[in-house]
$ cat run-v3.txt   # compact mmCIF, C-alpha atoms
# COMPACT_ATOMS: atom_id res chain seq x y z
CA MET A 1 63.61 41.88 -127.48
CA SER A 2 65.13 45.10 -128.69
CA ILE A 3 63.35 46.93 -131.45
CA SER A 4 66.51 48.79 -132.40
CA LYS A 5 67.28 49.01 -136.11
CA ARG A 6 70.98 48.66 -135.36
CA LYS A 7 72.46 45.70 -137.14
CA ILE A 8 74.90 43.43 -135.35
CA PRO A 9 77.28 41.61 -137.68
CA ILE A 10 77.23 37.84 -137.15
CA LYS A 11 80.84 36.71 -136.94
CA ARG A 12 80.52 33.32 -135.30
CA ILE A 13 82.26 30.35 -136.91
CA ASN A 14 83.54 32.74 -139.55
CA LYS A 15 86.70 30.68 -140.12
CA PHE A 16 84.55 27.97 -141.65
CA PHE A 17 81.19 29.54 -142.42
CA SER A 18 80.09 33.00 -143.42
CA GLY A 19 76.98 34.86 -144.49
CA ARG A 20 77.67 33.81 -148.09
CA ASP A 21 77.89 30.16 -147.07
CA PHE A 22 74.65 30.56 -145.16
CA ASP A 23 72.93 31.99 -148.25
CA LEU A 24 74.35 29.22 -150.41
CA GLU A 25 73.05 26.54 -148.02
CA ILE A 26 69.62 28.11 -148.17
CA GLN A 27 69.71 28.30 -151.96
CA MET A 28 70.62 24.62 -152.20
CA GLY A 29 68.00 23.71 -149.63
CA ARG A 30 65.36 25.67 -151.46
CA GLU A 31 66.36 24.12 -154.77
CA ALA A 32 65.80 20.69 -153.25
CA MET A 33 62.54 21.78 -151.62
CA GLU A 34 61.03 23.79 -154.44
CA GLY A 35 62.64 22.24 -157.50
CA ASP A 36 62.70 18.58 -156.50
CA GLY A 37 60.13 18.20 -153.76
CA ASN A 38 57.62 20.72 -155.04
CA PHE A 39 55.26 20.26 -152.11
CA THR A 40 53.00 23.25 -151.79
CA VAL A 41 50.27 24.40 -149.43
CA VAL A 42 47.98 27.40 -149.71
CA LEU A 43 48.20 29.86 -146.86
CA TYR A 44 45.11 31.84 -145.88
CA ARG A 45 46.10 34.67 -143.60
CA VAL A 46 43.26 36.01 -141.51
CA ASP A 47 42.71 39.71 -142.03
CA ARG A 48 42.20 40.59 -138.40
CA GLU A 49 41.21 44.16 -139.13
CA THR A 50 38.29 43.48 -141.44
CA THR A 51 37.14 40.18 -139.95
CA GLN A 52 33.76 40.65 -138.33
CA VAL A 53 34.08 39.44 -134.78
CA ASP A 54 31.63 39.33 -131.95
CA ASP A 55 32.49 42.26 -129.69
CA LEU A 56 32.23 40.15 -126.54
CA TYR A 57 33.76 36.80 -127.43
CA GLY A 58 35.87 37.88 -130.40
CA GLU A 59 34.48 34.94 -132.34
CA ALA A 60 33.55 34.88 -136.00
CA SER A 61 31.55 32.46 -138.13
CA ALA A 62 32.93 31.05 -141.38
CA SER A 63 31.38 33.77 -143.52
CA GLU A 64 32.66 36.54 -141.25
CA ILE A 65 36.34 35.64 -141.42
CA ASN A 66 38.10 37.72 -144.06
CA PHE A 67 41.35 36.64 -145.60
CA PHE A 68 44.21 38.27 -147.38
CA PRO A 69 44.67 36.86 -150.88
CA PRO A 70 45.72 33.21 -150.57
CA VAL A 71 49.40 32.49 -151.17
CA GLU A 72 50.95 29.26 -152.31
CA ILE A 73 54.10 28.39 -150.39
CA TYR A 74 56.70 25.65 -150.73
CA VAL A 75 57.04 23.45 -147.70
CA VAL A 76 58.17 20.06 -146.50
CA PRO A 77 55.00 18.61 -144.99
CA ILE A 78 54.66 15.84 -142.41
CA ILE A 79 51.14 14.61 -141.72
CA ASP A 80 50.58 12.41 -138.69
CA LYS A 81 48.45 9.31 -139.07
CA PRO A 82 44.72 9.65 -138.39
CA GLU A 83 43.25 8.47 -135.12
CA ASN A 84 40.10 6.46 -134.61
CA LYS A 85 38.01 8.30 -132.02
CA THR A 86 34.46 8.58 -130.73
CA TYR A 87 32.48 11.68 -129.83
CA ASN A 88 30.53 9.85 -127.12
CA PRO A 89 32.25 7.44 -124.78
CA GLY A 90 32.07 4.35 -126.99
CA SER A 91 29.83 5.60 -129.83
CA MET A 92 29.60 8.04 -132.74
CA ARG A 93 32.92 7.09 -134.24
CA TYR A 94 34.99 9.44 -136.38
CA LEU A 95 38.42 9.44 -137.90
CA GLU A 96 40.43 12.40 -136.67
CA ASP A 97 43.14 13.69 -138.96
CA GLY A 98 46.63 13.78 -137.63
CA ASN A 99 48.36 17.09 -137.19
CA LEU A 100 50.28 18.69 -140.02
CA THR A 101 53.78 19.92 -139.44
CA PHE A 102 55.73 21.64 -142.15
CA ILE A 103 59.06 23.24 -142.66
CA VAL A 104 59.26 26.51 -144.56
CA TYR A 105 62.29 28.64 -145.25
CA SER A 106 62.14 32.06 -143.58
CA GLU A 107 63.72 33.48 -146.74
CA HIS A 108 60.80 32.19 -148.80
CA LEU A 109 58.28 33.97 -146.54
CA LYS A 110 60.39 37.11 -146.69
CA GLU A 111 60.38 37.03 -150.49
CA LEU A 112 56.61 36.71 -150.55
CA ASN A 113 56.37 39.47 -147.93
CA ILE A 114 54.16 37.38 -145.70
CA ASP A 115 54.21 36.02 -142.18
CA ILE A 116 52.42 33.05 -140.66
CA THR A 117 50.51 33.71 -137.44
CA VAL A 118 48.73 31.42 -135.02
CA GLY A 119 45.13 31.08 -136.18
CA ASP A 120 45.88 31.34 -139.92
CA TYR A 121 44.59 28.61 -142.19
CA ILE A 122 46.38 26.23 -144.52
CA ALA A 123 44.91 24.21 -147.36
CA TYR A 124 46.69 21.05 -148.42
CA PRO A 125 45.56 19.19 -151.56
CA ILE A 126 45.54 15.48 -150.72
CA ASP A 127 44.72 14.42 -154.30
CA GLU A 128 43.44 15.95 -157.54
CA THR A 129 40.00 16.70 -156.16
CA ASP A 130 40.19 16.98 -152.39
CA VAL A 131 41.71 19.56 -150.14
CA VAL A 132 42.07 19.40 -146.37
CA TYR A 133 42.35 22.43 -144.14
CA PHE A 134 44.43 23.01 -141.08
CA ASN A 135 44.71 25.74 -138.49
CA VAL A 136 48.09 27.07 -137.33
CA THR A 137 48.74 26.32 -133.67
CA ASN A 138 52.45 27.14 -133.59
CA ALA A 139 53.85 29.44 -136.24
CA GLY A 140 57.45 28.69 -135.23
CA GLU A 141 58.46 32.35 -135.04
CA LYS A 142 61.34 31.54 -132.70
CA ASN A 143 63.71 29.69 -134.96
CA TYR A 144 67.05 30.48 -133.36
CA ASP A 145 67.45 27.19 -131.52
CA ASN A 146 70.16 24.84 -132.78
CA ALA A 147 67.80 22.64 -134.74
CA HIS A 148 66.50 25.50 -136.87
CA THR A 149 69.80 27.15 -137.68
CA ILE A 150 72.49 26.14 -140.11
CA MET A 151 75.51 25.20 -138.01
CA GLY A 152 74.28 27.55 -135.31
CA TYR A 153 74.90 30.53 -137.58
CA LYS A 154 71.37 31.93 -137.90
CA GLY A 155 67.79 30.80 -137.98
CA ALA A 156 67.06 29.47 -141.46
CA TYR A 157 63.66 27.87 -141.46
CA ARG A 158 60.51 27.63 -139.43
CA LEU A 159 58.70 24.59 -138.18
CA VAL A 160 54.98 25.25 -138.30
CA THR A 161 52.49 23.04 -136.48
CA LEU A 162 48.85 22.83 -137.48
CA THR A 163 45.79 21.00 -136.40
CA ARG A 164 42.73 19.92 -138.35
CA MET A 165 39.90 22.41 -138.42
CA ASN A 166 36.26 21.97 -137.57
CA SER A 167 34.40 21.22 -140.80
CA GLN A 168 31.99 24.18 -140.48
CA GLU A 169 34.94 26.57 -140.60
CA TYR A 170 36.27 25.65 -144.03
CA LYS A 171 33.24 24.91 -146.20
CA ILE A 172 33.20 28.29 -147.88
CA LYS A 173 36.88 28.32 -148.56
CA LEU A 174 37.11 25.26 -150.77
CA CYS A 175 36.43 27.32 -153.89
CA HIS A 176 39.17 29.82 -153.03
CA CYS A 177 41.79 27.12 -152.74
CA GLN A 178 40.81 25.41 -155.98
CA GLU A 179 41.10 28.73 -157.78
CA VAL A 180 44.63 29.20 -156.51
CA LEU A 181 45.63 25.70 -157.50
CA ARG A 182 43.99 25.99 -160.91
CA LYS A 183 46.09 29.02 -161.75
CA GLU A 184 49.20 26.87 -161.94
CA MET B 1 27.17 81.68 -78.41
CA PRO B 2 29.39 81.36 -81.45
CA LEU B 3 29.45 78.08 -83.26
CA PRO B 4 32.76 76.22 -83.51
CA ARG B 5 34.61 76.39 -86.81
CA GLY B 6 33.67 73.83 -89.38
CA PHE B 7 30.30 73.39 -87.83
CA LYS B 8 27.75 72.35 -90.44
CA LYS B 9 24.46 74.05 -90.12
CA ARG B 10 22.74 71.93 -92.66
CA VAL B 11 23.42 68.26 -92.93
CA LYS B 12 22.16 66.63 -96.10
CA PHE B 13 20.57 63.36 -95.23
CA ILE B 14 20.25 60.69 -97.88
CA ASN B 15 16.83 59.26 -97.63
CA GLN B 16 17.33 55.53 -98.03
CA ASN B 17 14.38 53.25 -98.23
CA ILE B 18 14.35 50.05 -96.27
CA GLY B 19 12.21 46.94 -96.37
CA PRO B 20 9.47 46.67 -99.00
CA GLU B 21 10.17 50.21 -100.26
CA LYS B 22 13.77 49.28 -100.94
CA ARG B 23 12.60 46.22 -102.85
CA GLN B 24 10.34 48.49 -104.89
CA ASP B 25 13.36 50.69 -105.63
CA PHE B 26 15.15 47.66 -107.06
CA LEU B 27 12.11 46.82 -109.17
CA ASP B 28 11.91 50.37 -110.46
CA GLU B 29 15.53 50.12 -111.57
CA ILE B 30 14.94 46.80 -113.31
CA ASP B 31 11.99 48.10 -115.36
CA TYR B 32 12.50 49.76 -118.66
CA LYS B 33 11.94 53.47 -118.33
CA GLU B 34 9.63 53.54 -121.31
CA MET B 35 8.07 50.11 -120.89
CA TYR B 36 6.56 48.20 -118.05
CA LEU B 37 8.67 45.08 -118.30
CA PRO B 38 12.06 44.12 -116.97
CA LYS B 39 14.84 43.81 -119.47
CA GLY B 40 15.69 40.22 -120.37
CA ILE B 41 18.98 38.60 -119.41
CA THR B 42 21.08 36.34 -121.59
CA TYR B 43 24.35 34.57 -120.89
CA GLU B 44 26.04 37.20 -123.05
CA ASP B 45 24.74 39.92 -120.73
CA ILE B 46 26.15 38.11 -117.70
CA ASP B 47 29.51 37.61 -119.45
CA ARG B 48 29.68 41.22 -120.54
CA THR B 49 28.88 42.55 -117.08
CA PHE B 50 31.41 40.22 -115.48
CA ILE B 51 34.13 41.46 -117.84
CA ASP B 52 33.19 45.04 -116.95
CA PHE B 53 33.47 44.09 -113.29
CA VAL B 54 36.99 42.70 -113.75
CA ASP B 55 37.96 45.69 -115.89
CA LYS B 56 36.70 48.29 -113.44
CA GLU B 57 36.68 46.76 -109.96
CA LEU B 58 39.79 44.61 -110.21
CA SER B 59 41.73 47.03 -112.38
CA LEU B 60 45.36 47.31 -111.53
CA GLU B 61 48.03 49.80 -112.48
CA ILE B 62 51.60 48.62 -112.57
CA ASP B 63 54.51 50.90 -113.46
CA GLY B 64 52.04 53.49 -114.70
CA ASN B 65 50.31 51.14 -117.09
CA LEU B 66 46.92 49.59 -116.71
CA VAL B 67 47.16 45.79 -116.63
CA PRO B 68 45.32 44.47 -119.71
CA VAL B 69 42.42 42.09 -119.15
CA ARG B 70 41.56 39.66 -121.92
CA PHE B 71 38.49 37.47 -122.20
CA LEU B 72 39.43 34.35 -124.11
CA THR B 73 37.50 31.80 -126.10
CA ILE B 74 38.75 28.97 -128.31
CA GLN B 75 39.19 30.50 -131.77
CA ARG B 76 42.91 30.78 -132.32
CA PHE B 77 42.98 33.81 -134.57
CA ALA B 78 40.73 35.64 -132.11
CA GLU B 79 43.26 35.18 -129.32
CA PHE B 80 45.94 36.95 -131.30
CA SER B 81 43.48 39.67 -132.32
CA LYS B 82 42.95 40.42 -128.65
CA THR B 83 46.56 40.27 -127.55
CA TRP B 84 48.64 41.67 -130.41
CA SER B 85 48.82 45.18 -128.97
CA PHE B 86 50.53 43.80 -125.85
CA SER B 87 52.70 41.28 -127.65
CA ASP B 88 56.38 41.21 -128.41
CA LYS B 89 58.05 40.55 -131.76
CA PHE B 90 57.30 36.84 -131.44
CA LYS B 91 53.62 37.52 -130.70
CA ASN B 92 53.96 36.49 -127.06
CA MET B 93 51.90 38.43 -124.52
CA LYS B 94 54.02 40.58 -122.25
CA MET B 95 53.58 40.34 -118.47
CA PRO B 96 51.77 41.48 -116.41
CA PHE B 97 48.33 40.67 -117.76
CA MET B 98 45.02 39.16 -116.69
CA THR B 99 42.85 36.65 -118.46
CA VAL B 100 39.24 35.70 -117.97
CA VAL B 101 37.93 32.33 -119.08
CA ARG B 102 34.37 31.26 -118.57
CA GLN B 103 33.87 27.63 -117.71
CA PRO B 104 31.70 26.26 -120.54
CA ASP B 105 29.45 24.27 -118.21
CA ILE B 106 26.77 26.44 -116.71
CA GLN B 107 25.36 24.79 -113.62
CA VAL B 108 21.84 24.78 -112.22
CA GLY B 109 21.58 27.98 -110.25
CA SER B 110 21.64 28.59 -106.54
CA ASN B 111 20.41 32.16 -106.78
CA GLN B 112 17.10 31.27 -105.14
CA ALA B 113 18.83 29.34 -102.34
CA GLY B 114 18.41 26.10 -104.31
CA ASN B 115 14.63 26.40 -104.64
CA TRP B 116 13.10 25.06 -107.83
CA ASN B 117 10.77 26.91 -110.15
CA ILE B 118 7.04 26.10 -110.30
CA PRO B 119 6.60 23.47 -113.03
CA GLY B 120 4.88 24.22 -116.33
CA GLN B 121 6.73 27.35 -117.46
CA ARG B 122 3.80 29.48 -116.45
CA THR B 123 3.85 33.20 -116.71
CA TYR B 124 2.86 35.43 -113.83
CA THR B 125 1.33 38.86 -113.68
CA TYR B 126 4.03 41.43 -113.42
CA ILE B 127 2.01 44.61 -113.82
CA LYS B 128 -1.45 45.78 -114.89
CA ILE B 129 -1.60 48.91 -116.97
CA PRO B 130 -4.76 50.92 -117.65
CA THR B 131 -5.34 51.62 -121.33
CA ASN B 132 -7.49 54.01 -123.27
CA ILE B 133 -7.82 53.12 -126.92
CA GLY B 134 -10.16 55.37 -128.82
CA GLY B 135 -12.09 56.15 -125.69
CA ARG B 136 -12.42 52.51 -124.66
CA LYS B 137 -10.92 52.01 -121.27
CA GLY B 138 -9.33 48.73 -120.36
CA ILE B 139 -6.42 47.05 -118.64
CA ASP B 140 -3.44 45.26 -120.15
CA THR B 141 -1.80 42.57 -118.09
CA TYR B 142 1.93 42.08 -118.55
CA LYS B 143 3.08 38.61 -117.61
CA ILE B 144 6.56 37.20 -117.31
CA PRO B 145 7.91 33.74 -116.51
CA GLN B 146 9.95 32.88 -113.47
CA PRO B 147 13.61 33.54 -114.17
CA THR B 148 15.81 30.46 -114.52
CA SER B 149 18.62 30.42 -111.97
CA VAL B 150 22.09 29.69 -113.30
CA ASP B 151 25.53 29.54 -111.76
CA VAL B 152 28.22 30.81 -114.11
CA THR B 153 31.82 30.25 -113.10
CA TYR B 154 34.73 32.34 -114.31
CA GLU B 155 38.43 31.79 -113.95
CA VAL B 156 40.40 34.97 -113.57
CA ARG B 157 44.14 34.55 -113.82
CA PHE B 158 46.83 37.08 -113.15
CA PHE B 159 50.30 36.63 -114.63
CA CYS B 160 53.21 38.65 -113.34
CA ASN B 161 56.88 38.55 -112.44
CA ARG B 162 56.96 40.26 -109.05
CA MET B 163 55.52 39.48 -105.65
CA LYS B 164 54.87 43.19 -105.20
CA ASP B 165 52.43 43.17 -108.15
CA LEU B 166 50.81 40.06 -106.80
CA ASN B 167 50.19 41.76 -103.46
CA LYS B 168 48.51 44.66 -105.22
CA LEU B 169 45.99 42.42 -106.92
CA HIS B 170 45.37 40.35 -103.79
CA LYS B 171 44.59 43.51 -101.89
CA VAL B 172 42.06 44.56 -104.52
CA VAL B 173 40.44 41.11 -104.69
CA GLN B 174 40.32 40.51 -100.96
CA THR B 175 38.89 43.97 -100.33
CA THR B 176 36.25 43.52 -103.02
CA PHE B 177 35.08 40.24 -101.52
CA ASN B 178 35.61 40.97 -97.84
CA SER B 179 31.85 40.89 -97.26
CA ARG B 180 31.50 37.51 -98.95
CA GLN B 181 30.00 38.79 -102.20
CA PHE B 182 30.08 41.60 -104.69
CA TYR B 183 26.98 42.61 -106.61
CA ILE B 184 26.97 43.31 -110.30
CA ASN B 185 24.01 44.74 -112.17
CA VAL B 186 23.22 42.72 -115.26
CA ASN B 187 20.76 44.87 -117.20
CA ALA B 188 19.91 46.41 -113.82
CA HIS B 189 19.24 43.01 -112.22
CA PRO B 190 21.51 42.69 -109.18
CA MET B 191 23.43 39.42 -109.04
CA PRO B 192 26.06 38.41 -106.48
CA ILE B 193 29.54 37.17 -107.34
CA HIS B 194 31.15 34.79 -104.88
CA LEU B 195 34.87 34.30 -104.68
CA GLU B 196 34.97 30.50 -104.63
CA LYS B 197 38.64 29.71 -104.64
CA ILE B 198 42.06 31.28 -104.83
CA GLY B 199 44.64 29.01 -106.39
CA ASP B 200 48.28 29.27 -107.22
CA GLU B 201 49.59 28.03 -110.55
CA SER B 202 52.92 29.81 -110.37
CA GLN B 203 55.78 28.41 -112.39
CA ILE B 204 58.38 28.69 -109.66
CA ASN B 205 59.35 25.19 -108.65
CA ASP B 206 61.64 24.42 -111.55
CA PHE B 207 64.77 26.47 -110.96
CA ASP B 208 66.02 25.86 -114.49
CA LYS B 209 62.98 27.26 -116.24
CA ARG B 210 61.43 30.67 -116.67
CA ARG B 211 59.70 31.58 -113.46
CA PHE B 212 56.60 33.69 -113.04
CA TYR B 213 53.59 33.98 -110.79
CA VAL B 214 50.12 32.88 -111.79
CA GLN B 215 47.23 33.47 -109.42
CA HIS B 216 43.96 31.83 -110.15
CA PHE B 217 40.70 33.27 -108.81
CA GLU B 218 37.55 31.24 -109.30
CA MET B 219 34.48 33.44 -109.18
CA LYS B 220 30.89 32.35 -109.44
CA VAL B 221 28.02 34.55 -110.54
CA LEU B 222 24.78 33.46 -108.91
CA GLY B 223 22.59 34.68 -111.70
CA TYR B 224 19.49 33.98 -113.67
CA ILE B 225 18.34 34.26 -117.24
CA LEU B 226 15.12 35.73 -118.51
CA ASP B 227 14.00 35.45 -122.12
CA GLU B 228 12.09 38.48 -123.40
CA ASP B 229 10.38 36.28 -126.01
CA ASP B 230 8.51 34.57 -123.19
CA TYR B 231 6.87 37.77 -121.98
CA GLU B 232 3.13 38.04 -122.54
CA LEU B 233 0.89 41.03 -122.98
CA ILE B 234 -2.75 40.12 -122.42
CA PRO B 235 -5.53 42.68 -122.88
CA THR B 236 -7.78 41.70 -120.00
CA LEU B 237 -10.57 44.08 -119.07
CA ASN B 238 -11.99 46.05 -121.94
CA ARG B 239 -14.91 48.26 -121.20
CA GLY B 240 -17.28 48.41 -124.17
CA SER B 241 -18.59 51.79 -125.20
CA LEU B 242 -22.29 52.16 -125.77
CA ARG B 243 -23.54 54.87 -128.06
CA PHE B 244 -27.11 56.03 -128.50
CA LYS B 245 -28.38 57.82 -131.52
CA GLU B 246 -31.29 60.14 -131.06
CA GLU B 247 -33.76 60.36 -133.95

$ encode --input "run-v3.txt" --output "structure tokens"
Amino acid sequence: MSISKRKIPIKRINKFFSGRDFDLEIQMGREAMEGDGNFTVVLYRVDRETTQVDDLYGEASASEINFFPPVEIYVVPIIDKPENKTYNPGSMRYLEDGNLTFIVYSEHLKELNIDITVGDYIAYPIDETDVVYFNVTNAGEKNYDNAHTIMGYKGAYRLVTLTRMNSQEYKIKLCHCQEVLRKE
Amino acid sequence: MPLPRGFKKRVKFINQNIGPEKRQDFLDEIDYKEMYLPKGITYEDIDRTFIDFVDKELSLEIDGNLVPVRFLTIQRFAEFSKTWSFSDKFKNMKMPFMTVVRQPDIQVGSNQAGNWNIPGQRTYTYIKIPTNIGGRKGIDTYKIPQPTSVDVTYEVRFFCNRMKDLNKLHKVVQTTFNSRQFYINVNAHPMPIHLEKIGDESQINDFDKRRFYVQHFEMKVLGYILDEDDYELIPTLNRGSLRFKEE
């Protein structure tokens, strides 16, 4: 991947579709997503510089992970159904949350001047009192495949995949998320 | 008669101990300089020394750059923290690189040729040190438990795009282990590493996909752990001092 600042004009399908059409499509999409859908999640980006990690394993406990200020973002979420599982073979049953997948417009992230990285955390309010937390496993940075572009013109949105976190990782963060949601 | 050119008049011999004296040399290295006890060993110490071994002994330079070695655990954000400096715009690690993963299961050790410890977690006299406290002479006995043997297995993987680079690493690895084992010093305790297996996980069979080489080296440290909290210091002999007062 070139790091050149040179800009290459995108001229494909310009008889039918241009940069202005692309922007319009995104505006309409965002209007539907943000105005009508209004699904939001809170993104906790890990501050990798100030997080206190073990110098050997690079691991950190819940209280040692530092975050940038939480940001509320508009998404289209899809939560898989939970699975009935057992820790032991045949005993100690638990209900494992399904994975969360959401769609977010790249333009929206650009406006907020943020990026999503593997390992960041997401809080999703499931009702008025409870919040569940997920960990990003695929931040969907490569969004230039056909499915993530508008008519093959340019990458428009990102598909982010997350998995449920271990409970000891998110205990301290519940208060942060509720603060962000209360501000609304 | 003149001596031929380059003739060395004085040859410096290195006096190397053998037998029990050599064993004593090892013990002297293990002891703290300022204390009389060996330094304890934890799993972290073994991991750290193994990483140093990969970094230093298996280090590889390709196209003028040192191949990065990364020790990975399961926290996702930590992985990116360790790899970002070698990543591209999409946060993908750039080849070539090496990874080290420790197998979570630590097996019962074979360091003592499969022999078991004496039951009861007893401690044994390591050294007796004469003391002199306020004129009272005595002896302190330092006791330590038997170390617990453990086998720790590591998976070292090398990812690259060229056979030439692969050959370079194989040469280093094969040379390092050509006498069966390589010794590392974990807190000055010598422990052997055995090269257990060399595997190939190269992605080369599917012609229509990205192809690259992955070599997998399974290495086992035949080590032991020693907990410093289990050490004992027992004041044994203590000569009483008798004083007489003359009236």

$ residues_near_point --input "run-v3.txt" --point "(18.5, 42.4, -110.9)" --cutoff "10 Å" --atoms "only C-alpha atoms" --output "number ranges by chain"
B: 26-27, 29-31, 38-39, 41, 183-192, 223-224

$ residues_around --input "run-v3.txt" --residues "stretch 88-101 of chain A" --least-positions-apart "2" --cutoff "6 Å" --atoms "only C-alpha atoms" --output "PyMOL selection string"
chain A and resi 77-86+160-163

$ write_last_selection --input "run-v3.txt" --atoms "C-alpha atoms" --output "short mmCIF file (atom, residue, chain, number, x, y, z; two decimals), in the coordinates of the input"
data_model
loop_
_atom_site.label_atom_id
_atom_site.label_comp_id
_atom_site.auth_asym_id
_atom_site.auth_seq_id
_atom_site.Cartn_x
_atom_site.Cartn_y
_atom_site.Cartn_z
CA PRO A 77 55.00 18.61 -144.99
CA ILE A 78 54.66 15.84 -142.41
CA ILE A 79 51.14 14.61 -141.72
CA ASP A 80 50.58 12.41 -138.69
CA LYS A 81 48.45 9.31 -139.07
CA PRO A 82 44.72 9.65 -138.39
CA GLU A 83 43.25 8.47 -135.12
CA ASN A 84 40.10 6.46 -134.61
CA LYS A 85 38.01 8.30 -132.02
CA THR A 86 34.46 8.58 -130.73
CA VAL A 160 54.98 25.25 -138.30
CA THR A 161 52.49 23.04 -136.48
CA LEU A 162 48.85 22.83 -137.48
CA THR A 163 45.79 21.00 -136.40
#

$ atom_distance --input "run-v3.txt" --atom1 "atom CA of A:Leu112" --atom2 "atom CA of A:Val131"
22.7 Å

$ interface_residues --input "run-v3.txt" --of "chain B" --to "chain A" --cutoff "12 Å" --atoms "only C-alpha atoms" --output "PyMOL selection string"
chain B and resi 43-52+70-84+87-92+94+100-102

$ atom_distance --input "run-v3.txt" --atom1 "atom CA of A:Asn66" --atom2 "atom CA of A:Phe134"
16.3 Å

$ residues_around --input "run-v3.txt" --residues "B:Glu232" --least-positions-apart "4" --cutoff "7 Å" --atoms "only C-alpha atoms" --output "count of residues only"
3

$ residues_around --input "run-v3.txt" --residues "A:Arg30" --least-positions-apart "6" --cutoff "10 Å" --atoms "all atoms listed in the file" --output "number ranges by chain"
A: 24, 36-38, 74-75, 104-105, 107-108

$ residues_around --input "run-v3.txt" --residues "B:Gln121" --least-positions-apart "2" --cutoff "12 Å" --atoms "only C-alpha atoms" --output "count of residues only"
16
